$ cat query_36.pdb   # PDB, C-alpha atoms and all ligand atoms
ATOM      1  CA  MET H  21      18.167  -5.189  -2.873
ATOM      2  CA  THR H  22      16.336  -7.979  -1.099
ATOM      3  CA  ARG H  23      13.234  -9.742  -2.340
ATOM      4  CA  HIS H  24      10.514 -10.528   0.206
ATOM      5  CA  ARG H  25       7.587 -12.797  -0.535
ATOM      6  CA  LEU H  26       4.277 -10.999  -0.033
ATOM      7  CA  CYS H  27       1.457 -13.256  -1.176
ATOM      8  CA  ALA H  28       0.009 -15.078  -4.118
ATOM      9  CA  VAL H  29      -1.457 -12.609  -6.592
ATOM     10  CA  ALA H  30      -4.715 -14.557  -6.585
ATOM     11  CA  GLU H  31      -5.093 -14.044  -2.827
ATOM     12  CA  LEU H  32      -5.898 -10.365  -3.372
ATOM     13  CA  ALA H  33      -9.276  -9.360  -4.770
ATOM     14  CA  GLU H  34      -9.693  -6.171  -6.747
ATOM     15  CA  ALA H  35      -9.428  -3.088  -4.469
ATOM     16  CA  GLN H  36      -8.134  -5.180  -1.600
ATOM     17  CA  ALA H  37      -4.985  -4.522   0.396
ATOM     18  CA  ARG H  38      -2.737  -6.472   2.676
ATOM     19  CA  GLN H  39       0.005  -5.234   4.952
ATOM     20  CA  PHE H  40       3.293  -6.816   5.882
ATOM     21  CA  ALA H  41       6.147  -6.167   8.275
ATOM     22  CA  LEU H  42       9.238  -6.859   6.209
ATOM     23  CA  PRO H  43      12.395  -7.662   8.165
ATOM     24  CA  LEU H  44      15.242  -5.219   7.808
ATOM     25  CA  ALA H  45      18.598  -5.265   9.540
ATOM     26  CA  GLU H  46      17.489  -4.195  13.034
ATOM     27  CA  ARG H  47      13.833  -3.375  12.608
ATOM     28  CA  SER H  48      10.949  -4.087  10.305
ATOM     29  CA  LEU H  49       9.421  -2.034   7.531
ATOM     30  CA  ASP H  50       5.646  -1.745   7.415
ATOM     31  CA  VAL H  51       4.471  -1.986   3.808
ATOM     32  CA  PHE H  52       1.187  -2.739   2.112
ATOM     33  CA  VAL H  53       0.241  -4.047  -1.282
ATOM     34  CA  VAL H  54      -2.975  -3.278  -3.147
ATOM     35  CA  LYS H  55      -4.596  -4.769  -6.194
ATOM     36  CA  TRP H  56      -5.985  -2.025  -8.384
ATOM     37  CA  ARG H  57      -7.388  -2.520 -11.879
ATOM     38  CA  GLY H  58      -5.582  -5.819 -12.216
ATOM     39  CA  HIS H  59      -2.160  -4.586 -11.122
ATOM     40  CA  LEU H  60      -0.354  -4.765  -7.804
ATOM     41  CA  TYR H  61       1.168  -1.688  -6.193
ATOM     42  CA  ALA H  62       3.038  -1.530  -2.908
ATOM     43  CA  TYR H  63       3.900   1.378  -0.626
ATOM     44  CA  ILE H  64       5.614   2.020   2.648
ATOM     45  CA  ASN H  65       2.881   2.440   5.250
ATOM     46  CA  SER H  66       3.737   6.010   6.175
ATOM     47  CA  CYS H  67       1.586   9.041   5.452
ATOM     48  CA  PRO H  68       3.526  11.954   3.949
ATOM     49  CA  HIS H  69       1.612  14.313   6.271
ATOM     50  CA  THR H  70       3.030  13.118   9.603
ATOM     51  CA  GLY H  71       4.710   9.789   8.948
ATOM     52  CA  ALA H  72       1.935   7.894  10.727
ATOM     53  CA  GLY H  73       0.734   4.574   9.372
ATOM     54  CA  LEU H  74      -2.274   5.025   7.130
ATOM     55  CA  ASN H  75      -4.574   2.428   8.602
ATOM     56  CA  TRP H  76      -6.185   1.906  11.988
ATOM     57  CA  VAL H  77      -7.744  -1.429  11.048
ATOM     58  CA  PRO H  78      -5.380  -4.174   9.861
ATOM     59  CA  HIS H  79      -5.261  -4.464   6.050
ATOM     60  CA  GLU H  80      -7.855  -1.676   5.534
ATOM     61  CA  PHE H  81      -6.448   1.071   3.297
ATOM     62  CA  PHE H  82      -9.279   1.973   0.941
ATOM     63  CA  ASP H  83     -11.856   4.703   1.382
ATOM     64  CA  PRO H  84     -15.522   3.669   1.698
ATOM     65  CA  ASP H  85     -16.007   3.971  -2.069
ATOM     66  CA  TYR H  86     -12.934   1.857  -2.870
ATOM     67  CA  GLN H  87     -11.635   4.554  -5.221
ATOM     68  CA  HIS H  88      -8.664   5.829  -3.225
ATOM     69  CA  LEU H  89      -6.334   4.799  -0.450
ATOM     70  CA  GLN H  90      -7.172   6.780   2.666
ATOM     71  CA  CYS H  91      -5.197   7.827   5.698
ATOM     72  CA  ALA H  92      -7.261   7.126   8.805
ATOM     73  CA  THR H  93      -5.737   9.996  10.806
ATOM     74  CA  HIS H  94      -6.770  13.082   8.802
ATOM     75  CA  GLY H  95      -8.480  11.519   5.792
ATOM     76  CA  ALA H  96      -5.955  12.197   3.005
ATOM     77  CA  LEU H  97      -6.834  10.387  -0.231
ATOM     78  CA  PHE H  98      -4.204   8.772  -2.445
ATOM     79  CA  ARG H  99      -4.435   7.326  -5.949
ATOM     80  CA  PRO H 100      -3.878   3.576  -5.712
ATOM     81  CA  ASP H 101      -1.749   3.375  -8.856
ATOM     82  CA  ASP H 102       0.873   6.008  -8.076
ATOM     83  CA  GLY H 103       0.351   6.938  -4.425
ATOM     84  CA  VAL H 104      -0.162  10.640  -5.137
ATOM     85  CA  CYS H 105      -2.281  12.458  -2.574
ATOM     86  CA  VAL H 106      -5.228  14.089  -4.348
ATOM     87  CA  TRP H 107      -7.018  15.455  -1.291
ATOM     88  CA  GLY H 108      -6.062  16.330   2.255
ATOM     89  CA  PRO H 109      -3.270  18.027   4.180
ATOM     90  CA  CYS H 110      -0.511  16.453   2.065
ATOM     91  CA  ALA H 111      -2.107  17.044  -1.368
ATOM     92  CA  GLY H 112       0.492  16.806  -4.108
ATOM     93  CA  GLN H 113       2.845  14.658  -2.053
ATOM     94  CA  ALA H 114       2.973  10.896  -2.476
ATOM     95  CA  LEU H 115       3.368   7.626  -0.675
ATOM     96  CA  SER H 116       6.784   5.986  -1.037
ATOM     97  CA  PRO H 117       6.514   3.187  -3.580
ATOM     98  CA  VAL H 118       7.959  -0.276  -3.096
ATOM     99  CA  ALA H 119       8.918  -2.223  -6.195
ATOM    100  CA  VAL H 120       6.796  -5.313  -6.772
ATOM    101  CA  GLU H 121       7.928  -8.321  -8.775
ATOM    102  CA  ILE H 122       5.642 -11.158  -9.773
ATOM    103  CA  GLU H 123       7.004 -14.594 -10.454
ATOM    104  CA  ASP H 124       4.953 -17.739 -10.948
ATOM    105  CA  GLY H 125       1.857 -16.040  -9.526
ATOM    106  CA  THR H 126       3.593 -14.851  -6.361
ATOM    107  CA  ALA H 127       4.189 -11.196  -5.516
ATOM    108  CA  TYR H 128       7.487 -10.079  -4.000
ATOM    109  CA  ALA H 129       8.517  -6.718  -2.568
ATOM    110  CA  CYS H 130      12.002  -5.578  -3.491
ATOM    111  CA  ILE H 131      13.606  -3.296  -0.924
TER     112      ILE H 131
HETATM  113  S1  LIG K   1      -1.409  11.707   9.069
HETATM  114 FE1  LIG K   1      -2.245  11.147   7.127
HETATM  115  S2  LIG K   1      -3.483  12.810   6.591
HETATM  116 FE2  LIG K   1      -2.574  13.418   8.457
END
$ encode --input "query_36.pdb" --output "structure tokens"
Amino acid sequence: MTRHRLCAVAELAEAQARQFALPLAERSLDVFVVKWRGHLYAYINSCPHTGAGLNWVPHEFFDPDYQHLQCATHGALFRPDDGVCVWGPCAGQALSPVAVEIEDGTAYACI
């Protein structure tokens, strides 16, 4: 497992997301981290419906009400804290989580 620095925890406001391309052996992995109710959660940026990235606008993953993560392609809604789809064509499926570690105020993804 490799640890990748994401950002300082304080850089993310509540219900804000940020995406990253993490280097892997011969490609990169598109992930995003969200701050939700004081905790950070990270997911691979791939919708369980088609595998497409969720967002069309960089770093924008929340729905207009900032209650769920939303896929821009067909509108699926996901709970921020566990990635489960609660509405849309992939209801009941979930985003793939990425482990997050926090050390000295900095968030790291572990993949
Ligand atoms: S690609 Fe995400 S809902 Fe269809």
$ closest_atom_pairs --input "query_36.pdb" --of "chain H" --to "ligand LIG 1 (chain K)" --cutoff "8 Å" --atoms "only C-alpha atoms and all ligand atoms" --output "Markdown table"
| residue | atom | partner | partner_atom | distance |
| --- | --- | --- | --- | --- |
| H:Ser66 | CA | K:LIG1 | FE1 | 7.9 |
| H:Cys67 | CA | K:LIG1 | FE1 | 4.7 |
| H:Pro68 | CA | K:LIG1 | FE1 | 6.6 |
| H:His69 | CA | K:LIG1 | FE2 | 4.8 |
| H:Thr70 | CA | K:LIG1 | S1 | 4.7 |
| H:Gly71 | CA | K:LIG1 | S1 | 6.4 |
| H:Ala72 | CA | K:LIG1 | S1 | 5.3 |
| H:Gly73 | CA | K:LIG1 | S1 | 7.5 |
| H:Leu74 | CA | K:LIG1 | FE1 | 6.1 |
| H:Gln90 | CA | K:LIG1 | FE1 | 8.0 |
| H:Cys91 | CA | K:LIG1 | FE1 | 4.7 |
| H:Ala92 | CA | K:LIG1 | FE1 | 6.6 |
| H:Thr93 | CA | K:LIG1 | S1 | 5.0 |
| H:His94 | CA | K:LIG1 | S2 | 4.0 |
| H:Gly95 | CA | K:LIG1 | S2 | 5.2 |
| H:Ala96 | CA | K:LIG1 | S2 | 4.4 |
| H:Leu97 | CA | K:LIG1 | S2 | 8.0 |
| H:Gly108 | CA | K:LIG1 | S2 | 6.2 |
| H:Pro109 | CA | K:LIG1 | S2 | 5.8 |
| H:Cys110 | CA | K:LIG1 | S2 | 6.5 |
$ closest_residue --input "query_36.pdb" --among "H:His79, H:Lys55, H:Arg47, H:His88" --to "Glu31 of chain H" --atoms "all atoms listed in the file"
H:Lys55
$ atom_distance --input "query_36.pdb" --atom1 "atom CA of Ala129 of chain H" --atom2 "atom CA of Val77 of chain H"
21.9 Å
$ resolve_selection --input "query_36.pdb" --expression "the PyMOL selection byres (((chain H and resi 25) around 6) and not hetatm)" --output "PDB file with C-alpha atoms, keeping the file's coordinate frame"
ATOM      1  CA  HIS H  24      10.514 -10.528   0.206  1.00  0.00           C
ATOM      2  CA  LEU H  26       4.277 -10.999  -0.033  1.00  0.00           C
ATOM      3  CA  TYR H 128       7.487 -10.079  -4.000  1.00  0.00           C
TER       4      TYR H 128
END
$ atom_distance --input "query_36.pdb" --atom1 "atom CA of Ala37 of chain H" --atom2 "atom CA of Asp85 of chain H"
14.1 Å
$ resolve_selection --input "query_36.pdb" --expression "the PyMOL selection byres (((chain H and resi 117) around 9) and not hetatm)" --output "PyMOL selection string"
chain H and resi 61-64+102-103+114-116+118-119
$ closest_residue --input "query_36.pdb" --among "H:Ala45, H:Tyr86, H:Val106, H:Phe40" --to "Asn65 of chain H" --atoms "all atoms listed in the file"
H:Phe40
$ closest_residue --input "query_36.pdb" --among "H:Ile122, H:Leu60, H:Leu89, H:Val54" --to "Arg38 of chain H" --atoms "only C-alpha atoms"
H:Val54
$ decode --input "query_36.pdb" --residues "segment 99-111 of chain H" --atoms "all heavy atoms" --output "PDB file, in the first residue's frame"
ATOM      1  N   ARG H  99     -24.561   8.748  -0.944  1.00  0.00           N
ATOM      2  CA  ARG H  99     -24.305   9.278   0.398  1.00  0.00           C
ATOM      3  C   ARG H  99     -22.824   9.604   0.518  1.00  0.00           C
ATOM      4  O   ARG H  99     -21.972   8.768   0.193  1.00  0.00           O
ATOM      5  CB  ARG H  99     -24.709   8.257   1.464  1.00  0.00           C
ATOM      6  CG  ARG H  99     -26.208   8.044   1.585  1.00  0.00           C
ATOM      7  CD  ARG H  99     -26.581   7.300   2.857  1.00  0.00           C
ATOM      8  NE  ARG H  99     -26.004   5.986   2.918  1.00  0.00           N
ATOM      9  CZ  ARG H  99     -26.697   4.836   2.941  1.00  0.00           C
ATOM     10  NH1 ARG H  99     -28.010   4.862   2.926  1.00  0.00           N
ATOM     11  NH2 ARG H  99     -26.078   3.677   3.011  1.00  0.00           N
ATOM     12  N   PRO H 100     -22.506  10.783   1.045  1.00  0.00           N
ATOM     13  CA  PRO H 100     -21.094  11.163   1.153  1.00  0.00           C
ATOM     14  C   PRO H 100     -20.287  10.291   2.101  1.00  0.00           C
ATOM     15  O   PRO H 100     -19.086  10.123   1.923  1.00  0.00           O
ATOM     16  CB  PRO H 100     -21.144  12.608   1.665  1.00  0.00           C
ATOM     17  CG  PRO H 100     -22.491  13.102   1.273  1.00  0.00           C
ATOM     18  CD  PRO H 100     -23.395  11.914   1.376  1.00  0.00           C
ATOM     19  N   ASP H 101     -20.950   9.713   3.123  1.00  0.00           N
ATOM     20  CA  ASP H 101     -20.175   9.024   4.161  1.00  0.00           C
ATOM     21  C   ASP H 101     -19.924   7.546   3.886  1.00  0.00           C
ATOM     22  O   ASP H 101     -19.071   6.949   4.549  1.00  0.00           O
ATOM     23  CB  ASP H 101     -20.822   9.210   5.529  1.00  0.00           C
ATOM     24  CG  ASP H 101     -22.278   8.761   5.553  1.00  0.00           C
ATOM     25  OD1 ASP H 101     -22.847   8.463   4.487  1.00  0.00           O
ATOM     26  OD2 ASP H 101     -22.834   8.703   6.656  1.00  0.00           O
ATOM     27  N   ASP H 102     -20.652   6.951   2.945  1.00  0.00           N
ATOM     28  CA  ASP H 102     -20.341   5.561   2.614  1.00  0.00           C
ATOM     29  C   ASP H 102     -20.381   5.276   1.120  1.00  0.00           C
ATOM     30  O   ASP H 102     -20.125   4.139   0.699  1.00  0.00           O
ATOM     31  CB  ASP H 102     -21.225   4.581   3.392  1.00  0.00           C
ATOM     32  CG  ASP H 102     -22.711   4.710   3.054  1.00  0.00           C
ATOM     33  OD1 ASP H 102     -23.062   5.475   2.123  1.00  0.00           O
ATOM     34  OD2 ASP H 102     -23.519   4.041   3.721  1.00  0.00           O
ATOM     35  N   GLY H 103     -20.727   6.278   0.319  1.00  0.00           N
ATOM     36  CA  GLY H 103     -20.693   6.116  -1.132  1.00  0.00           C
ATOM     37  C   GLY H 103     -21.825   5.304  -1.714  1.00  0.00           C
ATOM     38  O   GLY H 103     -21.836   5.025  -2.915  1.00  0.00           O
ATOM     39  N   VAL H 104     -22.817   4.941  -0.905  1.00  0.00           N
ATOM     40  CA  VAL H 104     -23.928   4.134  -1.420  1.00  0.00           C
ATOM     41  C   VAL H 104     -24.854   5.009  -2.263  1.00  0.00           C
ATOM     42  O   VAL H 104     -25.210   6.123  -1.870  1.00  0.00           O
ATOM     43  CB  VAL H 104     -24.702   3.478  -0.260  1.00  0.00           C
ATOM     44  CG1 VAL H 104     -25.981   2.811  -0.771  1.00  0.00           C
ATOM     45  CG2 VAL H 104     -23.819   2.451   0.440  1.00  0.00           C
ATOM     46  N   CYS H 105     -25.234   4.466  -3.414  1.00  0.00           N
ATOM     47  CA  CYS H 105     -26.161   5.172  -4.300  1.00  0.00           C
ATOM     48  C   CYS H 105     -27.571   5.014  -3.761  1.00  0.00           C
ATOM     49  O   CYS H 105     -28.058   3.889  -3.586  1.00  0.00           O
ATOM     50  CB  CYS H 105     -26.069   4.614  -5.724  1.00  0.00           C
ATOM     51  SG  CYS H 105     -27.226   5.399  -6.872  1.00  0.00           S
ATOM     52  N   VAL H 106     -28.245   6.141  -3.493  1.00  0.00           N
ATOM     53  CA  VAL H 106     -29.583   6.114  -2.926  1.00  0.00           C
ATOM     54  C   VAL H 106     -30.647   6.494  -3.944  1.00  0.00           C
ATOM     55  O   VAL H 106     -31.836   6.393  -3.675  1.00  0.00           O
ATOM     56  CB  VAL H 106     -29.691   7.044  -1.697  1.00  0.00           C
ATOM     57  CG1 VAL H 106     -28.791   6.546  -0.579  1.00  0.00           C
ATOM     58  CG2 VAL H 106     -29.354   8.488  -2.067  1.00  0.00           C
ATOM     59  N   TRP H 107     -30.216   6.922  -5.123  1.00  0.00           N
ATOM     60  CA  TRP H 107     -31.178   7.269  -6.173  1.00  0.00           C
ATOM     61  C   TRP H 107     -30.468   7.236  -7.514  1.00  0.00           C
ATOM     62  O   TRP H 107     -29.332   7.710  -7.623  1.00  0.00           O
ATOM     63  CB  TRP H 107     -31.747   8.684  -5.947  1.00  0.00           C
ATOM     64  CG  TRP H 107     -32.824   9.021  -6.936  1.00  0.00           C
ATOM     65  CD1 TRP H 107     -34.158   8.792  -6.827  1.00  0.00           C
ATOM     66  CD2 TRP H 107     -32.631   9.644  -8.221  1.00  0.00           C
ATOM     67  NE1 TRP H 107     -34.803   9.216  -7.954  1.00  0.00           N
ATOM     68  CE2 TRP H 107     -33.899   9.737  -8.823  1.00  0.00           C
ATOM     69  CE3 TRP H 107     -31.519  10.096  -8.919  1.00  0.00           C
ATOM     70  CZ2 TRP H 107     -34.072  10.297 -10.093  1.00  0.00           C
ATOM     71  CZ3 TRP H 107     -31.691  10.644 -10.176  1.00  0.00           C
ATOM     72  CH2 TRP H 107     -32.969  10.753 -10.752  1.00  0.00           C
ATOM     73  N   GLY H 108     -31.139   6.696  -8.516  1.00  0.00           N
ATOM     74  CA  GLY H 108     -30.568   6.696  -9.855  1.00  0.00           C
ATOM     75  C   GLY H 108     -30.403   5.292 -10.395  1.00  0.00           C
ATOM     76  O   GLY H 108     -30.805   4.309  -9.762  1.00  0.00           O
ATOM     77  N   PRO H 109     -29.790   5.177 -11.566  1.00  0.00           N
ATOM     78  CA  PRO H 109     -29.712   3.891 -12.260  1.00  0.00           C
ATOM     79  C   PRO H 109     -28.833   2.858 -11.569  1.00  0.00           C
ATOM     80  O   PRO H 109     -28.892   1.687 -11.936  1.00  0.00           O
ATOM     81  CB  PRO H 109     -29.163   4.262 -13.640  1.00  0.00           C
ATOM     82  CG  PRO H 109     -28.466   5.550 -13.446  1.00  0.00           C
ATOM     83  CD  PRO H 109     -29.210   6.268 -12.355  1.00  0.00           C
ATOM     84  N   CYS H 110     -28.024   3.267 -10.611  1.00  0.00           N
ATOM     85  CA  CYS H 110     -27.173   2.299  -9.897  1.00  0.00           C
ATOM     86  C   CYS H 110     -27.543   2.250  -8.413  1.00  0.00           C
ATOM     87  O   CYS H 110     -26.693   1.962  -7.563  1.00  0.00           O
ATOM     88  CB  CYS H 110     -25.699   2.642 -10.088  1.00  0.00           C
ATOM     89  SG  CYS H 110     -25.301   4.385  -9.865  1.00  0.00           S
ATOM     90  N   ALA H 111     -28.805   2.520  -8.091  1.00  0.00           N
ATOM     91  CA  ALA H 111     -29.267   2.501  -6.694  1.00  0.00           C
ATOM     92  C   ALA H 111     -28.899   1.174  -6.036  1.00  0.00           C
ATOM     93  O   ALA H 111     -29.074   0.102  -6.612  1.00  0.00           O
ATOM     94  CB  ALA H 111     -30.769   2.723  -6.638  1.00  0.00           C
TER      95      ALA H 111
END
